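Containing CSV, C-alpha atoms and all ligand atoms: my_file.csv.
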```csv
chain,number,residue,atom,x,y,z
M,362,MET,CA,6.2,-14.9,-6.9
M,363,ARG,CA,5.8,-14.9,-3.2
M,364,ASN,CA,8.7,-16.2,-1.2
M,365,MET,CA,8.5,-19.5,0.7
M,366,THR,CA,9.8,-17.6,3.8
M,367,ASP,CA,6.8,-15.3,3.8
M,368,ALA,CA,4.4,-15.7,6.6
M,369,PRO,CA,1.6,-18.2,6.1
M,370,VAL,CA,-1.6,-16.7,4.6
M,371,THR,CA,-3.6,-18.3,7.4
M,372,THR,CA,-3.5,-20.9,10.1
M,373,ILE,CA,-6.3,-23.3,11.1
M,374,ASP,CA,-5.8,-25.1,14.4
M,375,ASP,CA,-2.4,-26.9,13.9
M,376,ALA,CA,-2.4,-26.5,10.1
M,377,SER,CA,-0.8,-23.6,8.2
M,378,VAL,CA,-1.4,-22.5,4.6
M,379,HIS,CA,1.3,-20.9,2.4
M,380,LEU,CA,0.8,-19.3,-1.0
M,381,LEU,CA,3.2,-19.3,-4.0
M,382,ARG,CA,2.0,-17.6,-7.1
M,383,ALA,CA,3.1,-18.8,-10.6
M,384,GLU,CA,4.4,-16.2,-13.0
M,385,ASN,CA,1.7,-16.7,-15.7
M,386,PRO,CA,-0.2,-13.4,-15.4
M,387,GLY,CA,-3.0,-12.7,-18.0
M,388,PRO,CA,-6.6,-11.5,-18.4
M,389,MET,CA,-7.9,-15.0,-17.3
M,390,THR,CA,-5.2,-15.8,-14.8
M,391,LEU,CA,-5.1,-12.3,-13.2
M,392,ALA,CA,-1.7,-12.0,-11.4
M,393,GLY,CA,-1.0,-15.7,-12.0
M,394,THR,CA,-2.1,-19.1,-10.7
M,395,ASN,CA,-2.1,-19.4,-6.9
M,396,SER,CA,-0.5,-22.6,-5.6
M,397,TYR,CA,-1.1,-23.4,-2.0
M,398,LEU,CA,0.9,-25.5,0.5
M,399,VAL,CA,-1.0,-27.0,3.4
M,400,GLU,CA,1.1,-28.3,6.3
M,401,SER,CA,-0.8,-30.3,8.9
M,402,GLY,CA,0.8,-32.5,11.6
M,403,GLY,CA,4.1,-32.5,9.6
M,404,ASP,CA,2.5,-33.6,6.4
M,405,VAL,CA,2.5,-31.3,3.4
M,406,TRP,CA,0.0,-31.1,0.5
M,407,VAL,CA,0.2,-29.0,-2.6
M,408,ILE,CA,-3.1,-27.6,-3.9
M,409,ASP,CA,-2.9,-26.7,-7.7
M,410,PRO,CA,0.7,-27.0,-8.8
M,411,GLY,CA,-0.1,-24.5,-11.6
M,412,PRO,CA,1.5,-24.4,-15.1
M,413,ALA,CA,4.5,-26.6,-16.0
M,414,ASP,CA,7.0,-23.9,-15.1
M,415,SER,CA,10.2,-25.5,-13.8
M,416,ARG,CA,11.1,-22.5,-11.6
M,417,HIS,CA,7.6,-22.5,-10.0
M,418,ILE,CA,7.6,-26.3,-9.5
M,419,SER,CA,11.1,-26.2,-7.9
M,420,ALA,CA,10.2,-23.3,-5.6
M,421,LEU,CA,7.0,-25.2,-4.6
M,422,ALA,CA,8.9,-28.5,-4.0
M,423,GLU,CA,11.6,-26.7,-2.0
M,424,ALA,CA,9.1,-24.9,0.2
M,425,ALA,CA,7.1,-28.1,0.7
M,426,LYS,CA,10.2,-29.9,1.9
M,427,MET,CA,11.1,-27.0,4.2
M,428,LEU,CA,7.6,-27.2,5.8
M,429,GLY,CA,7.6,-30.9,6.4
M,430,ARG,CA,7.0,-34.2,4.7
M,431,PRO,CA,5.4,-33.9,1.2
M,432,VAL,CA,2.6,-36.4,1.0
M,433,GLY,CA,0.1,-35.3,-1.6
M,434,VAL,CA,-1.0,-33.1,-4.6
M,435,ALA,CA,-4.6,-32.0,-5.0
M,436,LEU,CA,-6.2,-30.5,-8.1
M,437,THR,CA,-9.2,-28.2,-8.1
M,438,HIS,CA,-9.8,-28.8,-11.9
M,439,ASP,CA,-8.1,-30.0,-15.0
M,440,HIS,CA,-7.3,-26.7,-16.7
M,441,GLY,CA,-3.7,-26.3,-17.8
M,442,ASP,CA,-3.0,-23.3,-15.7
M,443,HIS,CA,-3.6,-25.5,-12.6
M,444,SER,CA,-2.9,-29.0,-13.8
M,445,GLU,CA,0.1,-29.0,-16.2
M,446,GLY,CA,2.4,-28.9,-13.2
M,447,VAL,CA,0.9,-32.0,-11.6
M,448,GLU,CA,3.2,-34.6,-13.1
M,449,PRO,CA,6.4,-32.6,-12.7
M,450,MET,CA,5.3,-31.7,-9.1
M,451,ILE,CA,4.7,-35.3,-8.1
M,452,GLU,CA,8.1,-36.2,-9.6
M,453,ALA,CA,9.8,-33.3,-7.8
M,454,LEU,CA,8.3,-34.5,-4.5
M,455,GLY,CA,9.4,-38.1,-4.8
M,456,GLY,CA,7.2,-39.8,-7.4
M,457,SER,CA,3.8,-41.3,-7.5
M,458,GLU,CA,4.7,-44.1,-5.2
M,459,ALA,CA,5.3,-41.6,-2.4
M,460,ILE,CA,2.8,-38.8,-3.3
M,461,ALA,CA,-1.0,-39.2,-3.3
M,462,PHE,CA,-3.0,-37.4,-6.0
M,463,LEU,CA,-6.4,-36.0,-5.2
M,464,ARG,CA,-8.8,-34.8,-7.9
M,465,TYR,CA,-12.4,-35.3,-9.0
M,466,GLY,CA,-13.1,-39.0,-9.3
M,467,SER,CA,-10.1,-40.1,-7.2
M,468,LEU,CA,-9.9,-40.8,-3.5
M,469,ALA,CA,-7.0,-39.8,-1.2
M,470,ASP,CA,-6.7,-39.1,2.5
M,471,ALA,CA,-6.1,-35.4,2.8
M,472,PRO,CA,-6.5,-33.0,5.8
M,473,PHE,CA,-9.1,-31.0,3.8
M,474,GLU,CA,-12.4,-32.2,2.4
M,475,PRO,CA,-13.1,-32.0,-1.4
M,476,VAL,CA,-16.6,-30.8,-2.5
M,477,HIS,CA,-17.8,-31.2,-6.1
M,478,THR,CA,-18.7,-27.7,-7.4
M,479,PRO,CA,-19.3,-27.9,-11.1
M,480,GLY,CA,-19.8,-24.7,-13.2
M,481,HIS,CA,-16.4,-23.3,-14.3
M,482,SER,CA,-15.6,-26.9,-15.3
M,483,ALA,CA,-17.5,-30.2,-14.8
M,484,ASP,CA,-14.8,-31.7,-12.7
M,485,HIS,CA,-14.3,-28.7,-10.4
M,486,LEU,CA,-13.6,-29.3,-6.7
M,487,VAL,CA,-13.3,-26.9,-3.8
M,488,PHE,CA,-11.4,-28.0,-0.7
M,489,VAL,CA,-12.6,-27.2,2.9
M,490,LEU,CA,-10.1,-27.0,5.7
M,491,GLY,CA,-11.8,-25.9,8.9
M,492,ASP,CA,-13.3,-22.5,8.2
M,493,VAL,CA,-11.1,-21.9,5.1
M,494,LEU,CA,-12.2,-22.8,1.6
M,495,PHE,CA,-9.9,-23.2,-1.4
M,496,SER,CA,-12.1,-22.1,-4.2
M,497,GLY,CA,-10.0,-22.9,-7.3
M,498,ASP,CA,-11.7,-21.0,-10.2
M,499,LEU,CA,-15.2,-21.2,-8.8
M,500,ILE,CA,-14.6,-17.9,-7.1
M,501,LEU,CA,-11.7,-15.6,-8.0
M,502,GLY,CA,-10.2,-12.7,-6.0
M,503,GLY,CA,-11.3,-9.5,-7.6
M,504,SER,CA,-12.9,-10.8,-10.8
M,505,SER,CA,-15.7,-13.1,-11.9
M,506,THR,CA,-15.0,-16.5,-13.4
M,507,ILE,CA,-15.8,-17.8,-16.8
M,508,VAL,CA,-18.7,-20.3,-17.1
M,509,PRO,CA,-18.5,-22.0,-20.5
M,510,PRO,CA,-21.8,-23.2,-22.0
M,511,GLY,CA,-22.8,-26.9,-22.3
M,512,GLY,CA,-25.0,-29.1,-20.2
M,513,GLY,CA,-26.6,-26.4,-18.1
M,514,THR,CA,-23.3,-25.2,-16.6
M,515,LEU,CA,-24.6,-21.8,-15.4
M,516,ILE,CA,-27.4,-23.5,-13.4
M,517,ALA,CA,-24.7,-25.9,-11.9
M,518,TYR,CA,-22.4,-22.9,-11.2
M,519,LEU,CA,-25.2,-21.0,-9.3
M,520,GLU,CA,-25.9,-24.2,-7.3
M,521,SER,CA,-22.2,-24.5,-6.5
M,522,LEU,CA,-22.1,-20.9,-5.3
M,523,ARG,CA,-25.1,-21.8,-3.0
M,524,VAL,CA,-23.2,-24.8,-1.7
M,525,VAL,CA,-20.3,-22.6,-0.8
M,526,ALA,CA,-22.6,-20.1,0.8
M,527,GLY,CA,-23.9,-23.0,2.9
M,528,ILE,CA,-20.4,-24.0,4.0
M,529,ALA,CA,-20.0,-20.3,5.1
M,530,PRO,CA,-16.2,-20.1,5.2
M,531,ARG,CA,-14.4,-17.4,7.1
M,532,LEU,CA,-11.7,-17.1,4.4
M,533,ILE,CA,-11.7,-18.0,0.6
M,534,LEU,CA,-8.4,-18.8,-1.0
M,535,PRO,CA,-8.9,-18.5,-4.7
M,536,GLY,CA,-7.1,-20.0,-7.7
M,537,HIS,CA,-6.4,-16.5,-9.0
M,538,GLY,CA,-6.3,-13.1,-7.2
M,539,GLU,CA,-5.9,-12.2,-3.5
M,540,PRO,CA,-7.4,-14.1,-0.5
M,541,ILE,CA,-11.0,-13.1,0.2
M,542,GLU,CA,-11.5,-12.1,3.8
M,543,ASP,CA,-15.3,-11.3,3.6
M,544,ALA,CA,-16.2,-14.7,2.2
M,545,ALA,CA,-19.9,-14.6,2.7
M,546,GLN,CA,-20.2,-11.2,1.0
M,547,ALA,CA,-18.1,-12.3,-1.9
M,548,VAL,CA,-20.4,-15.3,-2.5
M,549,ARG,CA,-23.5,-13.0,-2.3
M,550,ASN,CA,-21.8,-10.6,-4.7
M,551,GLN,CA,-21.1,-13.3,-7.3
M,552,LEU,CA,-24.7,-14.5,-7.1
M,553,ALA,CA,-26.0,-11.0,-7.4
M,554,HIS,CA,-23.6,-10.3,-10.3
M,555,ARG,CA,-25.0,-13.3,-12.3
M,556,VAL,CA,-28.6,-12.2,-11.6
M,557,ALA,CA,-27.8,-8.6,-12.8
M,558,ARG,CA,-26.3,-10.0,-16.0
M,559,GLU,CA,-29.3,-12.2,-16.6
M,560,ASP,CA,-31.7,-9.3,-15.9
M,561,ALA,CA,-29.8,-7.1,-18.4
M,562,LEU,CA,-29.8,-9.8,-21.0
M,563,ALA,CA,-33.5,-10.6,-20.5
M,564,ALA,CA,-34.3,-6.9,-20.8
M,565,ALA,CA,-32.3,-6.5,-24.1
M,566,LEU,CA,-34.1,-9.6,-25.5
M,567,ALA,CA,-37.4,-8.1,-24.4
M,568,ASP,CA,-36.5,-4.9,-26.3
M,569,GLY,CA,-36.1,-6.9,-29.4
M,570,VAL,CA,-32.3,-7.0,-29.5
M,571,ARG,CA,-31.3,-10.3,-31.3
M,572,ASP,CA,-27.7,-9.7,-32.6
M,573,ARG,CA,-25.1,-11.3,-30.4
M,574,GLU,CA,-22.7,-8.3,-30.5
M,575,ALA,CA,-25.6,-6.0,-29.7
M,576,LEU,CA,-26.7,-8.2,-26.8
M,577,LEU,CA,-23.2,-8.2,-25.5
M,578,ASP,CA,-23.0,-4.4,-25.8
M,579,ARG,CA,-26.2,-4.1,-23.7
M,580,ALA,CA,-25.5,-6.7,-21.0
M,581,TRP,CA,-21.7,-6.7,-20.8
M,582,SER,CA,-21.0,-3.1,-21.7
M,583,ASP,CA,-18.5,-2.7,-18.8
M,584,VAL,CA,-16.2,-5.6,-20.0
M,585,PRO,CA,-12.8,-4.5,-21.3
M,586,GLU,CA,-11.8,-5.6,-24.8
M,587,ALA,CA,-9.3,-8.2,-23.5
M,588,LEU,CA,-12.2,-10.1,-21.9
M,589,ARG,CA,-14.8,-9.7,-24.7
M,590,ILE,CA,-14.4,-13.2,-26.0
M,591,ALA,CA,-14.7,-14.6,-22.4
M,592,ALA,CA,-17.9,-12.5,-22.1
M,593,HIS,CA,-19.2,-14.0,-25.3
M,594,VAL,CA,-18.7,-17.5,-23.9
M,595,THR,CA,-20.4,-16.5,-20.6
M,596,MET,CA,-23.3,-14.9,-22.5
M,597,GLN,CA,-23.9,-18.2,-24.4
M,598,SER,CA,-24.2,-19.9,-20.9
M,599,HIS,CA,-26.8,-17.3,-19.9
M,600,LEU,CA,-28.7,-17.9,-23.1
M,601,GLU,CA,-28.5,-21.6,-22.6
M,602,LYS,CA,-29.9,-21.1,-19.1
M,603,LEU,CA,-32.8,-19.0,-20.4
M,604,ASP,CA,-33.4,-21.6,-23.1
M,605,LEU,CA,-33.5,-24.4,-20.6
M,606,GLU,CA,-36.0,-22.3,-18.6
M,607,ASP,CA,-38.1,-21.7,-21.8
M,608,ARG,CA,-37.4,-17.9,-21.5
M,609,LEU,CA,-35.8,-17.3,-24.9
M,610,PRO,CA,-37.8,-15.5,-27.6
M,611,PRO,CA,-38.7,-17.9,-30.4
M,612,ASP,CA,-37.1,-15.6,-33.1
M,613,LEU,CA,-33.6,-15.6,-31.6
M,614,GLU,CA,-31.0,-16.6,-34.2
M,615,PRO,CA,-30.3,-20.3,-33.7
M,616,GLU,CA,-26.5,-20.1,-33.3
M,617,GLY,CA,-26.0,-23.0,-31.0
M,618,ARG,CA,-29.6,-22.9,-29.8
M,619,ARG,CA,-31.1,-26.3,-28.8
M,620,HIS,CA,-27.6,-27.7,-29.4
M,621,TRP,CA,-26.2,-26.9,-26.0
M,622,GLY,CA,-24.0,-29.5,-24.5
M,623,HIS,CA,-23.3,-31.3,-27.8
M,624,ARG,CA,-19.6,-30.9,-27.7
T,701,ZN,ZN,-7.4,-20.9,-13.6
```

Encoded form using structure tokens:
Amino acid sequence: MRNMTDAPVTTIDDASVHLLRAENPGPMTLAGTNSYLVESGGDVWVIDPGPADSRHISALAEAAKMLGRPVGVALTHDHGDHSEGVEPMIEALGGSEAIAFLRYGSLADAPFEPVHTPGHSADHLVFVLGDVLFSGDLILGGSSTIVPPGGGTLIAYLESLRVVAGIAPRLILPGHGEPIEDAAQAVRNQLAHRVAREDALAAALADGVRDREALLDRAWSDVPEALRIAAHVTMQSHLEKLDLEDRLPPDLEPEGRRHWGHR
């Protein structure tokens, strides 16, 4: 975990941003969940408390109090590796009477602006603070995120990436991985990555490949074994997108087909 005495990851006007990483490394969480502290005018917000790990929560609370007056907790999306720490975090900072909670569907006065960016999850928000964007799991540092199928999520995800491209941040602070300095290029790369996957999948389907494993071998051949299940899920999202666009061959095995979104 980074130490609270480390230098801020960035400053924006009179605001400073600090990063504390939870110790929950894994194939999906990379080095662990990134929790951010935003200090602005003496007020301190926590973005993504992370897992319910008491050491991480106390370190975050201690750092928040050192930086100023804790006033709020913000959540990019309700997945456990970001959200399980919300309640203990609010308790550690003084309870829900004193601490505002900002997430999708709720309003709270924060120094950063929430933007709804569905795709990785339906409730996903990114937070914009000047020219810095907290991307949650929409964009990761050094990896591509998972886009689960259901309700046209991949189409929403690509639209969300275009929204971020329009915001044109200088710096992206992701929910996992390292800060992304070349933000515009990172967004272009993610869009290009999805197009490349779709092209590879469409080419395999055009070659008559129908078996799911064989399709995965063709279009996701570079994915390590630990991420194969995640790639399966993402491939379903790509198939769903092709289906919604009437681009699936009629003889594709119907596993899930025409039943997208019925969860
Ligand atoms: Zn995550």

(request) One decimal, Å: what's the distance from CA of Ala575 (chain M) over to CA of Ile516 (chain M), could you say? (result)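 Result for CA of Ala575 (chain M) versus CA of Ile516 (chain M): 24.0 Å, one decimal.
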
(request) May I have the residues within 10 Å of ligand ZN 701 (chain T), computed using only C-alpha atoms and all ligand atoms, as a list of chain:residue names? (result)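 Listed by chain and ascending number, the contacts are M:Met389, M:Thr390, M:Leu391, M:Gly393, M:Thr394, M:Asn395, M:Asp409, M:Gly411, M:Pro412, M:Thr437, M:His438, M:Asp439, M:His440, M:Gly441, M:Asp442, M:His443, M:Ser444, M:His481, M:Gly497, M:Asp498, M:Leu499, M:Leu501, M:Thr506, M:Ile507, M:Pro535, M:Gly536, M:His537.
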
(request) Measuring atom to atom with only C-alpha atoms, identify which of M:Leu381, M:Val594, M:Leu552, M:Ala545 is nearest to Ala420 (chain M). (result) M:Leu381

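Comparing the minimum interatomic distances between Arg416 (chain M) and each of M:Met450, M:Ala557, M:Leu398, M:Ala469, counting all atoms listed in the file, we find that M:Met450 sits nearest.
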
(message) Using all atoms listed in the file, which protein or nucleic acid residues come within 7 Å of region 601-603 of chain M? Drop anything in the same chain fewer than 5 positions from it, and give the result as a ChimeraX atom specification.
(response) /M:510,513,515-516,608-609,621

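Within 6 Å of Val489 (chain M), once all atoms listed in the file are used and residues closer than 3 positions along the same chain are dropped, the contacting residues are Phe473, Glu474, Val493 and Leu494 of chain M.
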
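Straight-line separation from CA of Pro431 (chain M) to CA of Glu400 (chain M): 8.7 Å.
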
(message) Rounded to one decimal, what separation in Å do you get between CA of Met596 (chain M) and CA of Pro479 (chain M)?
(response)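 Result for CA of Met596 (chain M) versus CA of Pro479 (chain M): 17.7 Å, one decimal.
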
(request) Show which residues sit within 12 Å of region 558-569 of chain M, as a ChimeraX atom specification. Count all atoms listed in the file, and ignore same-chain residues fewer than 5 positions away. (result) /M:505,515-516,551-553,574-584,592,595-604,608-614

(request) Measuring atom to atom with all atoms listed in the file, identify which of M:Gly455, M:Pro410, M:Pro449, M:Gly538 is nearest to Val434 (chain M). (result) M:Pro410

(message) Between M:Gly403, M:Phe488, M:Gly433, M:Asp414, which residue has the minimum interatomic distance to Ile451 (chain M), considering all atoms listed in the file?
(response)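 The closest residue to Ile451 (chain M) is M:Gly433.
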